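Dropping model-v4.cif in here (mmCIF, C-alpha atoms):
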data_start
#
loop_
_atom_site.label_atom_id
_atom_site.label_comp_id
_atom_site.auth_asym_id
_atom_site.auth_seq_id
_atom_site.Cartn_x
_atom_site.Cartn_y
_atom_site.Cartn_z
CA MET A 1 54.13 86.94 179.53
CA GLY A 2 57.02 88.50 177.64
CA LYS A 3 56.48 90.40 174.45
CA ARG A 4 56.92 88.44 171.21
CA GLY A 5 59.42 89.86 168.83
CA VAL A 6 58.11 90.80 165.40
CA PRO A 7 59.85 88.65 162.72
CA ARG A 8 62.11 90.62 160.38
CA TYR A 9 62.67 89.68 156.74
CA PRO A 10 65.64 90.67 154.60
CA GLU A 11 64.91 93.59 152.34
CA ASP A 12 64.79 92.99 148.58
CA ASP A 13 67.87 94.73 147.15
CA GLY A 14 66.69 94.35 143.57
CA GLY A 15 69.37 91.77 142.74
CA GLY A 16 66.89 89.50 141.02
CA GLY A 17 65.76 92.31 138.74
CA CYS A 18 69.34 93.21 137.79
CA CYS A 19 70.18 89.60 136.99
CA GLY A 20 67.10 89.30 134.83
CA CYS A 21 67.94 92.49 132.95
CA LEU A 22 71.53 91.36 132.41
CA CYS A 23 70.34 87.98 131.13
CA TRP A 24 67.90 89.69 128.76
CA CYS A 25 70.68 91.96 127.41
CA CYS A 26 72.98 88.98 126.84
CA CYS A 27 70.25 87.15 124.94
CA PHE A 28 69.55 90.24 122.86
CA LEU A 29 73.25 90.66 121.99
CA PHE A 30 73.46 86.98 121.11
CA LEU A 31 70.51 87.35 118.74
CA ILE A 32 72.15 90.37 117.07
CA VAL A 33 75.45 88.53 116.61
CA ALA A 34 73.64 85.47 115.26
CA ALA A 35 71.65 87.63 112.83
CA LEU A 36 74.80 89.40 111.60
CA ALA A 37 76.63 86.10 111.17
CA GLY A 38 73.67 84.66 109.28
CA THR A 39 73.47 87.71 107.03
CA ALA A 40 77.21 87.57 106.30
CA ALA A 41 76.96 83.86 105.47
CA TYR A 42 73.97 84.52 103.20
CA LEU A 43 75.76 87.35 101.36
CA PHE A 44 78.88 85.22 100.99
CA PHE A 45 76.83 82.38 99.54
CA ILE A 46 74.90 84.63 97.15
CA TYR A 47 77.65 86.96 95.95
CA LYS A 48 80.62 84.54 96.18
CA PRO A 49 83.23 87.33 96.63
CA LYS A 50 86.66 86.93 95.03
CA ALA A 51 89.70 89.11 95.63
CA PRO A 52 90.64 91.45 92.74
CA SER A 53 94.14 91.15 91.28
CA TYR A 54 96.63 93.80 90.20
CA SER A 55 99.79 93.65 88.12
CA VAL A 56 102.25 96.02 86.43
CA SER A 57 102.05 95.04 82.78
CA ASN A 58 104.19 97.74 81.17
CA MET A 59 106.54 100.62 81.91
CA SER A 60 108.03 103.48 79.91
CA ILE A 61 110.66 106.09 80.87
CA SER A 62 110.46 109.61 79.43
CA GLN A 63 113.05 111.28 81.69
CA PHE A 64 115.80 109.94 83.93
CA ASP A 65 118.42 112.65 84.48
CA PHE A 66 120.97 112.81 87.28
CA SER A 67 122.43 116.19 88.24
CA SER A 68 125.93 115.82 89.70
CA SER A 69 125.93 119.45 90.85
CA ASP A 70 123.20 118.99 93.46
CA LEU A 71 122.97 115.14 93.47
CA THR A 72 119.36 115.25 92.32
CA LEU A 73 117.55 112.76 90.12
CA TYR A 74 114.71 113.89 87.83
CA THR A 75 112.38 111.07 86.83
CA LYS A 76 109.30 110.77 84.64
CA LEU A 77 107.78 107.39 83.91
CA THR A 78 104.46 105.77 83.08
CA ALA A 79 103.42 102.43 84.54
CA SER A 80 100.53 100.41 83.14
CA VAL A 81 98.63 98.74 85.98
CA ARG A 82 96.22 95.95 85.12
CA ALA A 83 93.27 95.64 87.53
CA GLU A 84 90.98 92.62 87.27
CA ASN A 85 87.62 92.28 89.00
CA PRO A 86 86.67 88.57 88.81
CA ASN A 87 83.32 88.92 90.59
CA ASP A 88 79.98 88.28 88.90
CA MET A 89 77.86 90.46 91.20
CA ILE A 90 80.29 92.82 92.96
CA GLY A 91 81.50 96.15 91.57
CA ILE A 92 84.59 98.01 92.78
CA LYS A 93 84.64 101.76 93.25
CA TYR A 94 88.10 103.35 93.33
CA GLY A 95 87.93 106.68 95.13
CA ASP A 96 89.97 109.87 95.27
CA GLY A 97 93.02 110.06 97.49
CA SER A 98 95.10 107.28 95.93
CA HIS A 99 98.90 107.39 95.92
CA THR A 100 101.59 105.57 93.95
CA VAL A 101 105.35 105.61 94.51
CA VAL A 102 108.24 104.01 92.63
CA SER A 103 111.48 103.63 94.60
CA TYR A 104 114.97 102.19 94.15
CA ARG A 105 116.58 100.62 97.24
CA GLY A 106 114.30 102.60 99.55
CA THR A 107 114.82 105.95 97.80
CA PRO A 108 111.74 107.42 96.04
CA LEU A 109 112.13 108.10 92.33
CA CYS A 110 108.69 109.41 91.40
CA SER A 111 105.06 109.43 92.48
CA GLY A 112 101.55 109.81 91.08
CA LYS A 113 97.99 108.65 91.62
CA LEU A 114 95.34 106.36 90.17
CA PRO A 115 92.24 107.73 88.48
CA ALA A 116 88.97 107.52 90.38
CA PHE A 117 86.55 105.21 88.57
CA PHE A 118 84.02 102.41 88.97
CA GLN A 119 84.97 98.92 87.79
CA GLY A 120 82.04 96.71 86.86
CA HIS A 121 81.53 92.97 87.13
CA LYS A 122 83.99 90.60 85.39
CA ASN A 123 85.98 93.57 84.16
CA VAL A 124 89.65 94.09 83.34
CA THR A 125 90.92 97.68 83.24
CA VAL A 126 94.44 98.81 82.35
CA MET A 127 95.40 102.17 83.84
CA ASP A 128 98.34 104.22 82.56
CA ILE A 129 99.69 106.00 85.64
CA ALA A 130 101.98 108.94 84.93
CA MET A 131 104.52 109.57 87.72
CA GLU A 132 107.27 112.09 88.12
CA GLY A 133 109.64 113.23 90.83
CA ARG A 134 112.71 115.18 91.82
CA HIS A 135 114.62 113.61 94.69
CA GLY A 136 118.05 113.66 96.23
CA PHE A 137 120.15 110.77 94.98
CA GLY A 138 123.59 110.31 96.52
CA SER A 139 126.67 109.42 94.49
CA GLY A 140 126.85 106.00 96.16
CA LEU A 141 123.31 105.24 95.12
CA GLN A 142 124.03 106.51 91.62
CA GLN A 143 126.99 104.14 91.35
CA ALA A 144 124.87 101.21 92.57
CA LEU A 145 122.25 102.06 89.97
CA GLU A 146 124.83 102.16 87.19
CA GLU A 147 126.08 98.73 88.24
CA SER A 148 122.50 97.40 88.23
CA GLU A 149 122.02 98.87 84.76
CA LYS A 150 125.18 97.15 83.47
CA ALA A 151 124.00 93.83 84.91
CA GLY A 152 120.57 94.33 83.35
CA ASN A 153 118.84 93.83 86.72
CA VAL A 154 117.40 96.99 88.25
CA PRO A 155 115.22 96.27 91.33
CA LEU A 156 112.28 98.61 91.83
CA ASP A 157 109.46 98.81 94.36
CA VAL A 158 106.05 100.08 93.31
CA PHE A 159 103.70 101.01 96.15
CA VAL A 160 100.01 101.67 95.50
CA SER A 161 97.52 102.83 98.13
CA VAL A 162 93.92 103.44 97.08
CA PRO A 163 90.54 103.84 98.85
CA VAL A 164 88.11 101.17 97.64
CA THR A 165 84.37 100.63 98.11
CA LEU A 166 82.65 97.37 97.19
CA ARG A 167 79.20 97.65 95.64
CA LEU A 168 76.72 94.80 96.13
CA GLY A 169 73.96 95.43 93.63
CA THR A 170 73.08 99.06 94.39
CA VAL A 171 74.42 99.09 97.95
CA ASP A 172 77.88 100.50 98.73
CA LEU A 173 79.71 98.92 101.65
CA ARG A 174 82.12 100.68 103.97
CA GLN A 175 85.18 102.17 102.29
CA VAL A 176 88.52 100.45 102.96
CA LYS A 177 92.09 101.17 101.89
CA VAL A 178 93.89 98.65 99.68
CA ASN A 179 97.70 98.68 99.75
CA VAL A 180 99.67 96.85 97.07
CA HIS A 181 103.44 96.37 96.98
CA CYS A 182 104.97 95.22 93.71
CA ALA A 183 108.66 94.27 93.75
CA LEU A 184 109.83 94.11 90.17
CA VAL A 185 113.09 93.86 88.25
CA VAL A 186 113.64 95.69 84.95
CA ASP A 187 116.64 95.56 82.64
CA SER A 188 117.02 99.33 82.20
CA LEU A 189 115.79 102.78 83.28
CA SER A 190 117.05 104.67 80.25
CA PRO A 191 114.65 106.86 78.22
CA LYS A 192 116.41 105.57 75.12
CA LYS A 193 115.36 102.00 75.74
CA LYS A 194 111.98 100.59 76.69
CA PRO A 195 112.34 98.77 80.01
CA ASN A 196 111.70 95.04 79.97
CA ILE A 197 110.02 93.70 83.10
CA LYS A 198 111.97 90.57 84.01
CA SER A 199 110.21 89.49 87.22
CA THR A 200 107.46 90.61 89.62
CA THR A 201 106.18 89.64 93.05
CA TYR A 202 103.11 91.10 94.75
CA LYS A 203 101.86 91.62 98.29
CA ALA A 204 98.58 93.24 99.28
CA ASN A 205 96.71 94.10 102.47
CA VAL A 206 93.49 95.87 103.40
CA GLU A 207 93.06 98.59 106.06
CA PHE A 208 89.54 98.67 107.53
#

So that I can check it, write out the structure of this file as structure tokens.
Amino acid sequence: MGKRGVPRYPEDDGGGGCCGCLCWCCCFLFLIVAALAGTAAYLFFIYKPKAPSYSVSNMSISQFDFSSSDLTLYTKLTASVRAENPNDMIGIKYGDGSHTVVSYRGTPLCSGKLPAFFQGHKNVTVMDIAMEGRHGFGSGLQQALEESEKAGNVPLDVFVSVPVTLRLGTVDLRQVKVNVHCALVVDSLSPKKKPNIKSTTYKANVEF
């Protein structure tokens, strides 16, 4: 009789174990995502967050001198920015490192910064922001500004960038940067006359 061959079985390459581990990881990740989504929904329901609002309520000019010798404009102005926190349970912490710029037709006039402070619930705070600058201002731009002054319609852009942290109860969330662009029209930029704000439009975005 011939010899019987010994049956051979395929070796276990561990594929079943890898699939099980992958499935377990997917389930674990799903549970984490579901828990985070549930927590976010709970916090949204409890705290009912509302976006703060900002507006330029006033402006005064203390210096606005153009030097024809070096085509330089010297500007000093103060803008009153009204910040409203409409939330009942959320505080807003404004940090250091803010920046404000006022420009005319893309040319900076002056710059400054907001104070660092904490704004409580249902609070309205008006900040007087002093700004000053010395910038090159070509003769063509000077002529355009004079024509705007005569027409009583001087378009300005106010840019505000400030680091902000929301506080839920006693817990501070991750800091973000809030950018606000205010396009406004005033009737004059003369130190001899208080500017009248004729119109304003606002845009804002958040950098995470």

Discussion item. On this structure, the PyMOL selection byres ((chain A and resi 180-192) around 7) would catch which residues? List them as a ChimeraX atom specification, sorted by chain and number.
Written reply: /A:61-64,149,152-161,178-179,193-205

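Compared by their closest atoms to Ala130 (chain A), and using all atoms listed in the file, the residues A:Thr100, A:Ser111, A:Asn85, A:Thr78 rank with A:Thr78 nearest.
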
Worksheet item: Which residues match the PyMOL selection byres ((chain A and resi 75) around 8) in the file above, as a list in words?
Response: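 Written out, the selection comes to Ile61, Ser62, Gln63, Phe64, Asp65, Leu73, Tyr74, Lys76, Leu77, Leu109, Cys110, Glu132, Gly133 and Arg134 of chain A.
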
Residues as selected, C-alpha atoms, written as a PDB file, in the frame of the given file, can you do that?
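What follows is the written file out26.pdb:
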ATOM      1  CA  ILE A  61     110.660 106.090  80.870  1.00  0.00           C
ATOM      2  CA  SER A  62     110.460 109.610  79.430  1.00  0.00           C
ATOM      3  CA  GLN A  63     113.050 111.280  81.690  1.00  0.00           C
ATOM      4  CA  PHE A  64     115.800 109.940  83.930  1.00  0.00           C
ATOM      5  CA  ASP A  65     118.420 112.650  84.480  1.00  0.00           C
ATOM      6  CA  LEU A  73     117.550 112.760  90.120  1.00  0.00           C
ATOM      7  CA  TYR A  74     114.710 113.890  87.830  1.00  0.00           C
ATOM      8  CA  LYS A  76     109.300 110.770  84.640  1.00  0.00           C
ATOM      9  CA  LEU A  77     107.780 107.390  83.910  1.00  0.00           C
ATOM     10  CA  LEU A 109     112.130 108.100  92.330  1.00  0.00           C
ATOM     11  CA  CYS A 110     108.690 109.410  91.400  1.00  0.00           C
ATOM     12  CA  GLU A 132     107.270 112.090  88.120  1.00  0.00           C
ATOM     13  CA  GLY A 133     109.640 113.230  90.830  1.00  0.00           C
ATOM     14  CA  ARG A 134     112.710 115.180  91.820  1.00  0.00           C
TER      15      ARG A 134
END

Worksheet item: So what do you get for CA of Glu147 (chain A) versus CA of Asn58 (chain A), distance-wise?
Response: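 Distance reported for this atom pair: 23.0 Å.
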
Worksheet entry | Computed interatomic separation between CA of Glu146 (chain A) and CA of Met59 (chain A) (Å) | 19.1 Å

Worksheet item: Do you know which residues are at most 7 Å from Leu168 (chain A) counting all atoms listed in the file, after dropping those on the same chain fewer than 6 positions away, and could you put them as a PyMOL selection string?
Response: chain A and resi 89-91

Worksheet entry | CA of Glu207 (chain A) to CA of Leu114 (chain A), straight-line distance in Å |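 Distance reported for this atom pair: 17.8 Å.
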
Neighbours of Ile92 (chain A) within 6 Å (all atoms listed in the file; same-chain residues fewer than 4 positions away dropped), as a short mmCIF file (atom, residue, chain, number, x, y, z; two decimals) with C-alpha atoms, in the frame of the given file?
data_model
loop_
_atom_site.label_atom_id
_atom_site.label_comp_id
_atom_site.auth_asym_id
_atom_site.auth_seq_id
_atom_site.Cartn_x
_atom_site.Cartn_y
_atom_site.Cartn_z
CA PHE A 118 84.02 102.41 88.97
CA GLN A 119 84.97 98.92 87.79
CA THR A 165 84.37 100.63 98.11
CA LEU A 166 82.65 97.37 97.19
#

Worksheet entry | Answer as a VMD selection string, residues within 8 Å of (88.8, 90.5, 93.2) using only C-alpha atoms | chain A and resid 49 to 53 84 to 87

Can I get the selection written as a CSV table (one decimal), in the coordinates of the input, with C-alpha atoms?
chain,number,residue,atom,x,y,z
A,49,PRO,CA,83.2,87.3,96.6
A,50,LYS,CA,86.7,86.9,95.0
A,51,ALA,CA,89.7,89.1,95.6
A,52,PRO,CA,90.6,91.4,92.7
A,53,SER,CA,94.1,91.2,91.3
A,84,GLU,CA,91.0,92.6,87.3
A,85,ASN,CA,87.6,92.3,89.0
A,86,PRO,CA,86.7,88.6,88.8
A,87,ASN,CA,83.3,88.9,90.6

Discussion item. My list of candidates is A:Asp172, A:Asn123, A:Ser148, A:Ile129. Which is closest to Val101 (chain A) when distances are computed with all atoms listed in the file?
Written reply: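 Closest to Val101 (chain A) of all the choices is A:Ile129.
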
Worksheet item: A:Val171, A:Tyr54, A:Gly138, A:Lys113: which is nearest Val126 (chain A), counting only C-alpha atoms?
Response: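 Closest to Val126 (chain A) of all the choices is A:Tyr54.
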
Item to complete: Specify as a PyMOL selection string each residue included when the PyMOL selection byres ((chain A and resi 94) around 7) is applied to this file.
Response: chain A and resi 92-93+95+116-118+162-165

Worksheet item: From the set A:Ser60, A:Thr107, A:Ser80, A:Ser98, which residue has the shortest atom-to-atom contact distance to Phe137 (chain A), counting all atoms listed in the file?
Response: A:Thr107
